[in-house]
file start-v8.cif (mmCIF, C-alpha atoms)
data_input
loop_
_atom_site.label_atom_id
_atom_site.label_comp_id
_atom_site.auth_asym_id
_atom_site.auth_seq_id
_atom_site.Cartn_x
_atom_site.Cartn_y
_atom_site.Cartn_z
CA MET V 1 12.55 25.82 18.96
CA PHE V 2 11.06 22.34 18.83
CA LYS V 3 7.50 21.72 19.99
CA SER V 4 6.08 18.67 21.72
CA GLY V 5 5.08 16.82 18.54
CA SER V 6 8.51 17.23 16.94
CA LYS V 7 10.28 16.17 20.14
CA PHE V 8 8.16 13.02 20.33
CA LEU V 9 8.92 12.07 16.71
CA PHE V 10 12.65 12.74 17.08
CA GLY V 11 12.70 10.60 20.22
CA LEU V 12 10.78 7.84 18.44
CA ALA V 13 13.29 7.97 15.57
CA ALA V 14 16.22 7.59 17.97
CA ILE V 15 14.51 4.72 19.83
CA GLY V 16 13.70 2.96 16.56
CA PHE V 17 17.28 3.19 15.30
CA VAL V 18 18.77 1.98 18.60
CA ALA V 19 16.23 -0.86 18.69
CA ALA V 20 17.12 -1.79 15.10
CA ILE V 21 20.82 -2.00 16.00
CA ALA V 22 20.12 -4.06 19.13
CA TYR V 23 17.81 -6.42 17.22
CA ALA V 24 20.33 -6.85 14.40
CA VAL V 25 23.13 -7.64 16.85
CA ALA V 26 20.94 -10.11 18.76
CA THR V 27 19.94 -12.00 15.61
CA SER V 28 23.34 -11.94 13.88
CA ASP V 29 25.65 -14.94 13.76
CA GLN V 30 28.77 -13.01 12.67
CA GLY V 31 31.66 -11.63 14.67
CA PRO V 32 31.25 -8.78 17.17
CA ILE V 33 32.69 -6.12 14.84
CA ASP V 34 30.61 -7.10 11.80
CA SER V 35 27.50 -7.52 13.95
CA VAL V 36 27.72 -3.88 15.09
CA LEU V 37 29.17 -2.36 11.90
CA GLY V 38 26.49 -3.93 9.71
CA PRO V 39 23.47 -2.26 11.38
CA LEU V 40 25.30 1.09 11.65
CA THR V 41 25.96 1.10 7.88
CA LEU V 42 22.52 -0.33 6.94
CA GLY V 43 24.11 -3.59 5.85
CA TYR V 44 26.82 -2.04 3.66
CA LYS V 45 29.61 -3.44 5.84
CA GLY V 46 28.66 -6.62 7.65
CA GLY V 47 25.36 -8.38 8.28
CA VAL V 48 22.17 -7.20 9.96
CA GLY V 49 20.80 -10.50 11.29
CA ASP V 50 17.07 -10.86 10.67
CA HIS V 51 16.34 -8.62 7.69
CA VAL V 52 12.57 -8.31 8.23
CA GLY V 53 12.67 -7.05 11.82
CA TYR V 54 15.65 -4.81 11.14
CA SER V 55 13.94 -3.27 8.09
CA ILE V 56 10.75 -2.57 10.05
CA LEU V 57 12.60 -0.82 12.88
CA VAL V 58 14.79 1.19 10.50
CA SER V 59 11.72 2.22 8.49
CA LEU V 60 10.05 3.35 11.72
CA SER V 61 13.12 5.39 12.59
CA PHE V 62 13.45 7.08 9.21
CA LEU V 63 9.73 7.78 8.92
CA SER V 64 9.63 9.32 12.40
CA LEU V 65 12.67 11.44 11.54
CA PHE V 66 11.04 12.66 8.33
CA LEU V 67 7.78 13.55 10.10
CA GLY V 68 9.69 15.26 12.90
CA ILE V 69 11.58 17.46 10.43
CA PHE V 70 8.35 18.12 8.55
CA LEU V 71 6.45 19.21 11.66
CA SER V 72 9.33 21.22 13.07
CA SER V 73 9.54 23.19 9.80
CA LEU V 74 5.85 24.05 10.30
CA ARG V 75 6.37 24.74 14.01
CA ASP V 76 3.76 22.04 14.71
CA ALA V 77 1.11 24.55 13.51
CA ASP V 78 1.59 26.40 16.80
CA PRO V 79 -0.54 29.57 16.96
CA GLU V 80 2.21 31.62 18.61
CA ALA V 81 4.70 30.67 15.90
CA GLU V 82 2.17 31.46 13.16
CA ALA V 83 1.38 34.83 14.73
CA GLN V 84 5.09 35.67 14.89
CA LEU V 85 5.55 34.62 11.26
CA VAL V 86 2.71 36.73 9.85
CA GLY V 87 3.37 39.66 12.16
CA LEU V 88 0.12 39.52 14.13
CA GLU V 89 -0.54 39.53 17.83
CA THR V 90 -2.91 36.58 17.63
CA VAL V 91 -3.99 34.13 14.96
CA PRO V 92 -7.74 33.70 14.31
CA GLU V 93 -9.10 30.55 15.85
CA ALA V 94 -9.30 27.76 13.31
CA PRO V 95 -12.73 26.14 13.00
CA ALA V 96 -13.29 22.41 13.18
CA PRO V 97 -12.78 20.53 9.90
CA THR V 98 -15.96 20.35 7.81
CA THR V 99 -14.83 18.01 5.00
CA ALA V 100 -14.82 14.23 5.08
CA ASN V 101 -11.54 12.49 5.78
CA TYR V 102 -11.09 9.14 4.01
CA TRP V 103 -7.63 8.37 5.37
CA PRO V 104 -8.87 6.51 8.47
CA VAL V 105 -10.64 4.04 6.13
CA ILE V 106 -7.49 3.58 4.04
CA GLY V 107 -5.40 3.22 7.18
CA ALA V 108 -7.73 0.52 8.52
CA PHE V 109 -7.47 -1.47 5.28
CA SER V 110 -3.70 -1.05 5.26
CA ALA V 111 -3.41 -2.29 8.83
CA ALA V 112 -5.60 -5.27 7.97
CA ALA V 113 -3.46 -6.06 4.92
CA LEU V 114 -0.32 -5.76 7.06
CA VAL V 115 -1.61 -8.28 9.60
CA ILE V 116 -2.96 -10.64 6.92
CA GLY V 117 0.37 -10.46 5.10
CA LEU V 118 2.11 -12.04 8.07
CA ALA V 119 0.11 -15.21 7.39
CA VAL V 120 -0.54 -15.07 3.64
CA GLY V 121 2.68 -13.80 2.10
CA PRO V 122 5.10 -10.89 1.65
CA VAL V 123 3.11 -9.20 -1.13
CA MET V 124 0.16 -8.38 1.13
CA PHE V 125 2.54 -7.31 3.91
CA VAL V 126 4.35 -4.85 1.63
CA ILE V 127 1.04 -3.44 0.40
CA GLY V 128 -0.10 -2.86 3.98
CA ALA V 129 3.20 -1.24 4.96
CA ILE V 130 3.07 1.12 1.97
CA GLY V 131 -0.56 1.97 2.71
CA LEU V 132 0.17 2.77 6.35
CA THR V 133 3.13 4.96 5.42
CA ILE V 134 1.06 6.95 2.93
CA THR V 135 -1.80 7.25 5.42
CA ILE V 136 0.45 8.67 8.13
CA VAL V 137 1.91 11.33 5.81
CA GLU V 138 -1.42 12.26 4.25
CA TRP V 139 -3.30 12.37 7.53
CA ALA V 140 -0.62 14.58 9.09
CA ALA V 141 -0.74 16.97 6.12
CA ARG V 142 -4.54 17.05 6.31
CA ALA V 143 -4.54 17.79 10.04
CA TRP V 144 -2.03 20.60 9.53
CA ALA V 145 -3.91 22.16 6.60
CA ASP V 146 -7.29 22.07 8.37
CA ARG V 147 -5.90 24.38 11.06
CA ALA V 148 -3.60 26.54 8.96
CA THR V 149 -6.04 29.49 8.77
CA GLY V 150 -9.55 30.38 9.83
CA ASP V 151 -10.98 29.94 6.33
CA PRO V 152 -11.83 26.35 5.31
CA ALA V 153 -11.60 27.21 1.60
CA VAL V 154 -8.09 28.61 2.04
CA ASN V 155 -7.12 25.54 4.06
CA ASP V 156 -8.27 23.23 1.26
CA ALA V 157 -6.38 25.32 -1.31
CA ILE V 158 -3.20 25.13 0.77
CA ARG V 159 -3.47 21.38 1.22
CA ASN V 160 -4.29 20.70 -2.43
CA ARG V 161 -1.48 22.86 -3.71
CA PHE V 162 0.96 21.12 -1.44
CA MET V 163 -0.14 17.48 -1.90
CA TYR V 164 -1.89 17.11 -5.28
CA PRO V 165 1.31 16.96 -7.39
CA VAL V 166 2.40 13.91 -5.40
CA GLU V 167 -0.74 12.10 -4.31
CA ILE V 168 -2.77 12.05 -7.54
CA PRO V 169 -0.29 10.05 -9.68
CA GLY V 170 0.97 8.02 -6.71
CA LEU V 171 -2.47 6.97 -5.49
CA ALA V 172 -3.61 6.21 -9.02
CA VAL V 173 -0.70 3.83 -9.57
CA LEU V 174 -1.05 2.14 -6.18
CA GLY V 175 -4.83 1.85 -6.45
CA ILE V 176 -4.73 0.30 -9.90
CA ALA V 177 -1.95 -2.08 -8.89
CA GLY V 178 -3.83 -3.21 -5.77
CA ILE V 179 -7.09 -3.76 -7.62
CA VAL V 180 -5.36 -5.65 -10.43
CA LEU V 181 -3.50 -7.85 -7.94
CA ALA V 182 -6.60 -8.70 -5.90
CA VAL V 183 -8.82 -9.32 -8.93
CA SER V 184 -6.14 -11.44 -10.60
CA ARG V 185 -5.95 -13.68 -7.53
CA ILE V 186 -9.73 -14.03 -7.63
CA LEU V 187 -9.76 -14.90 -11.34
CA LEU V 188 -7.08 -17.55 -10.90
CA ALA V 189 -8.89 -19.18 -7.98
CA LEU V 190 -12.40 -19.32 -9.48
CA PRO V 191 -13.57 -21.90 -12.03
CA LYS V 192 -13.63 -20.90 -15.67
CA ILE V 193 -17.25 -19.79 -15.75
CA GLY V 194 -16.89 -17.86 -12.48
CA SER V 195 -13.77 -16.09 -13.68
CA TYR V 196 -15.58 -15.05 -16.87
CA LEU V 197 -18.44 -13.62 -14.81
CA VAL V 198 -16.11 -11.71 -12.48
CA PHE V 199 -14.10 -10.42 -15.44
CA GLY V 200 -17.29 -8.96 -16.90
CA ILE V 201 -19.06 -7.80 -13.73
CA VAL V 202 -16.22 -5.99 -11.95
CA PRO V 203 -15.47 -3.50 -14.78
CA ALA V 204 -19.22 -2.90 -15.17
CA ILE V 205 -19.49 -2.02 -11.48
CA PHE V 206 -16.55 0.38 -11.71
CA LEU V 207 -18.10 2.02 -14.76
CA ALA V 208 -21.49 2.36 -13.05
CA VAL V 209 -20.00 3.88 -9.88
CA GLY V 210 -17.89 6.32 -11.90
CA TYR V 211 -20.92 7.39 -13.93
CA LEU V 212 -22.95 7.84 -10.74
CA VAL V 213 -20.31 10.09 -9.19
CA ILE V 214 -20.05 12.20 -12.35
CA ALA V 215 -23.80 12.37 -13.02
CA LYS V 216 -24.57 13.30 -9.40
CA PRO V 217 -22.07 16.04 -8.48
CA LYS V 218 -24.01 16.78 -5.29
CA LEU V 219 -23.80 13.18 -4.12
CA SER V 220 -23.12 12.96 -0.40
CA GLN V 221 -19.51 12.33 0.54
CA ASN V 222 -20.71 9.82 3.10
CA ALA V 223 -22.37 7.84 0.30
CA ILE V 224 -19.14 7.89 -1.71
CA ALA V 225 -17.20 6.75 1.35
CA ALA V 226 -19.72 3.94 1.93
CA MET V 227 -19.37 2.72 -1.68
CA LEU V 228 -15.58 2.79 -1.41
CA LEU V 229 -15.77 0.93 1.90
CA VAL V 230 -18.03 -1.81 0.53
CA GLY V 231 -15.95 -2.16 -2.65
CA GLY V 232 -12.71 -2.27 -0.70
CA ILE V 233 -14.03 -4.94 1.66
CA ALA V 234 -15.25 -7.04 -1.27
CA ILE V 235 -12.00 -6.82 -3.23
CA LEU V 236 -9.72 -7.26 -0.22
CA GLY V 237 -11.75 -10.15 1.17
CA GLY V 238 -11.99 -11.84 -2.20
CA GLY V 239 -8.28 -11.45 -2.85
CA VAL V 240 -7.34 -12.86 0.55
CA ALA V 241 -9.74 -15.80 0.20
CA ALA V 242 -8.44 -16.52 -3.29
CA ALA V 243 -4.81 -16.32 -2.15
CA ILE V 244 -5.54 -18.79 0.66
CA ALA V 245 -7.46 -21.18 -1.64
CA GLY V 246 -4.75 -21.08 -4.30
CA GLU V 247 -5.07 -21.38 -8.05
CA ARG V 248 -7.56 -23.72 -9.63
CA GLU V 249 -6.47 -27.03 -11.08
CA HIS V 250 -5.58 -27.00 -14.77
CA GLY V 251 -5.23 -30.76 -15.16
CA GLY V 252 -8.63 -31.18 -16.83
CA ASP V 253 -7.61 -29.12 -19.82
CA HIS V 254 -4.45 -31.14 -20.36
CA GLU V 255 -6.35 -34.41 -19.97
CA GLU V 256 -8.82 -33.32 -22.65
CA GLU V 257 -5.97 -32.46 -24.97
CA HIS V 258 -4.31 -35.84 -24.40
CA SER V 259 -7.60 -37.71 -24.81
CA GLY V 260 -8.21 -35.94 -28.10
CA GLU V 261 -4.82 -36.98 -29.35
CA GLU V 262 -5.25 -40.67 -28.46
CA GLY V 263 -7.20 -41.45 -31.67
CA LEU V 264 -4.44 -40.18 -33.98
CA ALA V 265 -2.08 -42.64 -35.58
CA PRO V 266 1.54 -42.37 -34.46
CA LEU V 267 3.96 -40.72 -36.85
CA PRO V 268 6.44 -43.00 -38.58
CA GLY V 269 9.98 -43.08 -37.28
CA PRO V 270 13.06 -42.20 -39.29
CA ALA V 271 13.79 -45.86 -40.06
CA GLU V 272 10.39 -46.38 -41.66
CA LEU V 273 10.88 -43.42 -44.00
CA VAL V 274 13.87 -45.01 -45.73
CA ILE V 275 13.01 -45.81 -49.32
CA THR V 276 14.91 -48.68 -50.81
CA VAL V 277 15.58 -48.73 -54.50
CA GLY V 278 16.19 -51.86 -56.28
CA ASN V 279 14.75 -55.35 -57.10
#

call {"tool": "encode", "arguments": {"input": "start-v8.cif", "output": "structure tokens"}}
result
Amino acid sequence: MFKSGSKFLFGLAAIGFVAAIAYAVATSDQGPIDSVLGPLTLGYKGGVGDHVGYSILVSLSFLSLFLGIFLSSLRDADPEAEAQLVGLETVPEAPAPTTANYWPVIGAFSAAALVIGLAVGPVMFVIGAIGLTITIVEWAARAWADRATGDPAVNDAIRNRFMYPVEIPGLAVLGIAGIVLAVSRILLALPKIGSYLVFGIVPAIFLAVGYLVIAKPKLSQNAIAAMLLVGGIAILGGGVAAAIAGEREHGGDHEEEHSGEEGLAPLPGPAELVITVGN
């Protein structure tokens, strides 16, 4: 039996897919058969019109379908379904979550990157879309695990056992890629001396923050969240500003090279190297 959350997600998936088909047909310049067959087969047979809008709506549909299946398999964490599963008359009331949740911060940055990507370029848009997708899945899993049982320690163990094998390597790869991309844009936009300073200061800051977290195991989670927030704003803002400003001019280096070569005598041509024998 489907609960309210699963029904909403299944309905959203159906609406997204129908909207994707309608949008593809409206933006297609092919015949009527290809215009309808293309969206139904995800572009395998026929065209889909505007690829960006169609891809967004199809992604919304598939993501909603996945979340609907995921929540329906968990019975939307319904207490009655849990009590029936474990063979109890009632399930103990789950306390309010006591641990910090960083996914709203990540979701806010992802939404900002998504909006900025519409003006800056497709790379930032893709990063924002990936971040929002991960945030939705992770936040849903966190909300489900926080109310799985009445023991917060057991809830954390359930969530970690379920999500750690996926999120640790995935987030590490995405985080490193995002930082490298943003810092590389900053280095290319700054002058030479500024890029040297950033190249030396940024790794030092990361090293200092990592040492602080390790050396102070009882450091407040709010302080860690604040450091991540400030660092994320600095890197994201710097990357966006650098992408808008563009790369620095490299003409000065070439001019210096050419000016240094002006004092050299020209090499002799092939005709001047001919040695005549005789007289």

call {"tool": "residues_around", "arguments": {"input": "start-v8.cif", "residues": "stretch 110-125 of chain V", "least_positions_apart": "2", "cutoff": "9 Å", "atoms": "only C-alpha atoms", "output": "PyMOL selection string"}}
result
chain V and resi 105-108+127-132+135+236+240+243-244

call {"tool": "resolve_selection", "arguments": {"input": "start-v8.cif", "expression": "the PyMOL selection byres ((chain V and resi 50) around 12)", "output": "MDAnalysis selection string"}}
result
chainID V and resid 20:29 35 38:39 43 47:49 51:57

call {"tool": "atom_distance", "arguments": {"input": "start-v8.cif", "atom1": "atom CA of V:Phe62", "atom2": "atom CA of V:Met163"}}
result
20.4 Å

call {"tool": "closest_residue", "arguments": {"input": "start-v8.cif", "among": "V:Ala234, V:Val126, V:Val18, V:Asn155", "to": "V:Leu174", "atoms": "all atoms listed in the file"}}
result
V:Val126

call {"tool": "atom_distance", "arguments": {"input": "start-v8.cif", "atom1": "atom CA of V:Lys45", "atom2": "atom CA of V:Ser64"}}
result
24.6 Å

call {"tool": "resolve_selection", "arguments": {"input": "start-v8.cif", "expression": "the PyMOL selection byres ((chain V and resi 141) around 12)", "output": "PyMOL selection string"}}
result
chain V and resi 67+70-71+74+76-77+101+103+134-140+142-148+155-156+158-164+167

call {"tool": "closest_residue", "arguments": {"input": "start-v8.cif", "among": "V:Tyr102, V:Phe66, V:Ser72, V:Phe17", "to": "V:Gln221", "atoms": "all atoms listed in the file"}}
result
V:Tyr102

call {"tool": "atom_distance", "arguments": {"input": "start-v8.cif", "atom1": "atom CA of V:Leu187", "atom2": "atom CA of V:Gly238"}}
result
9.9 Å
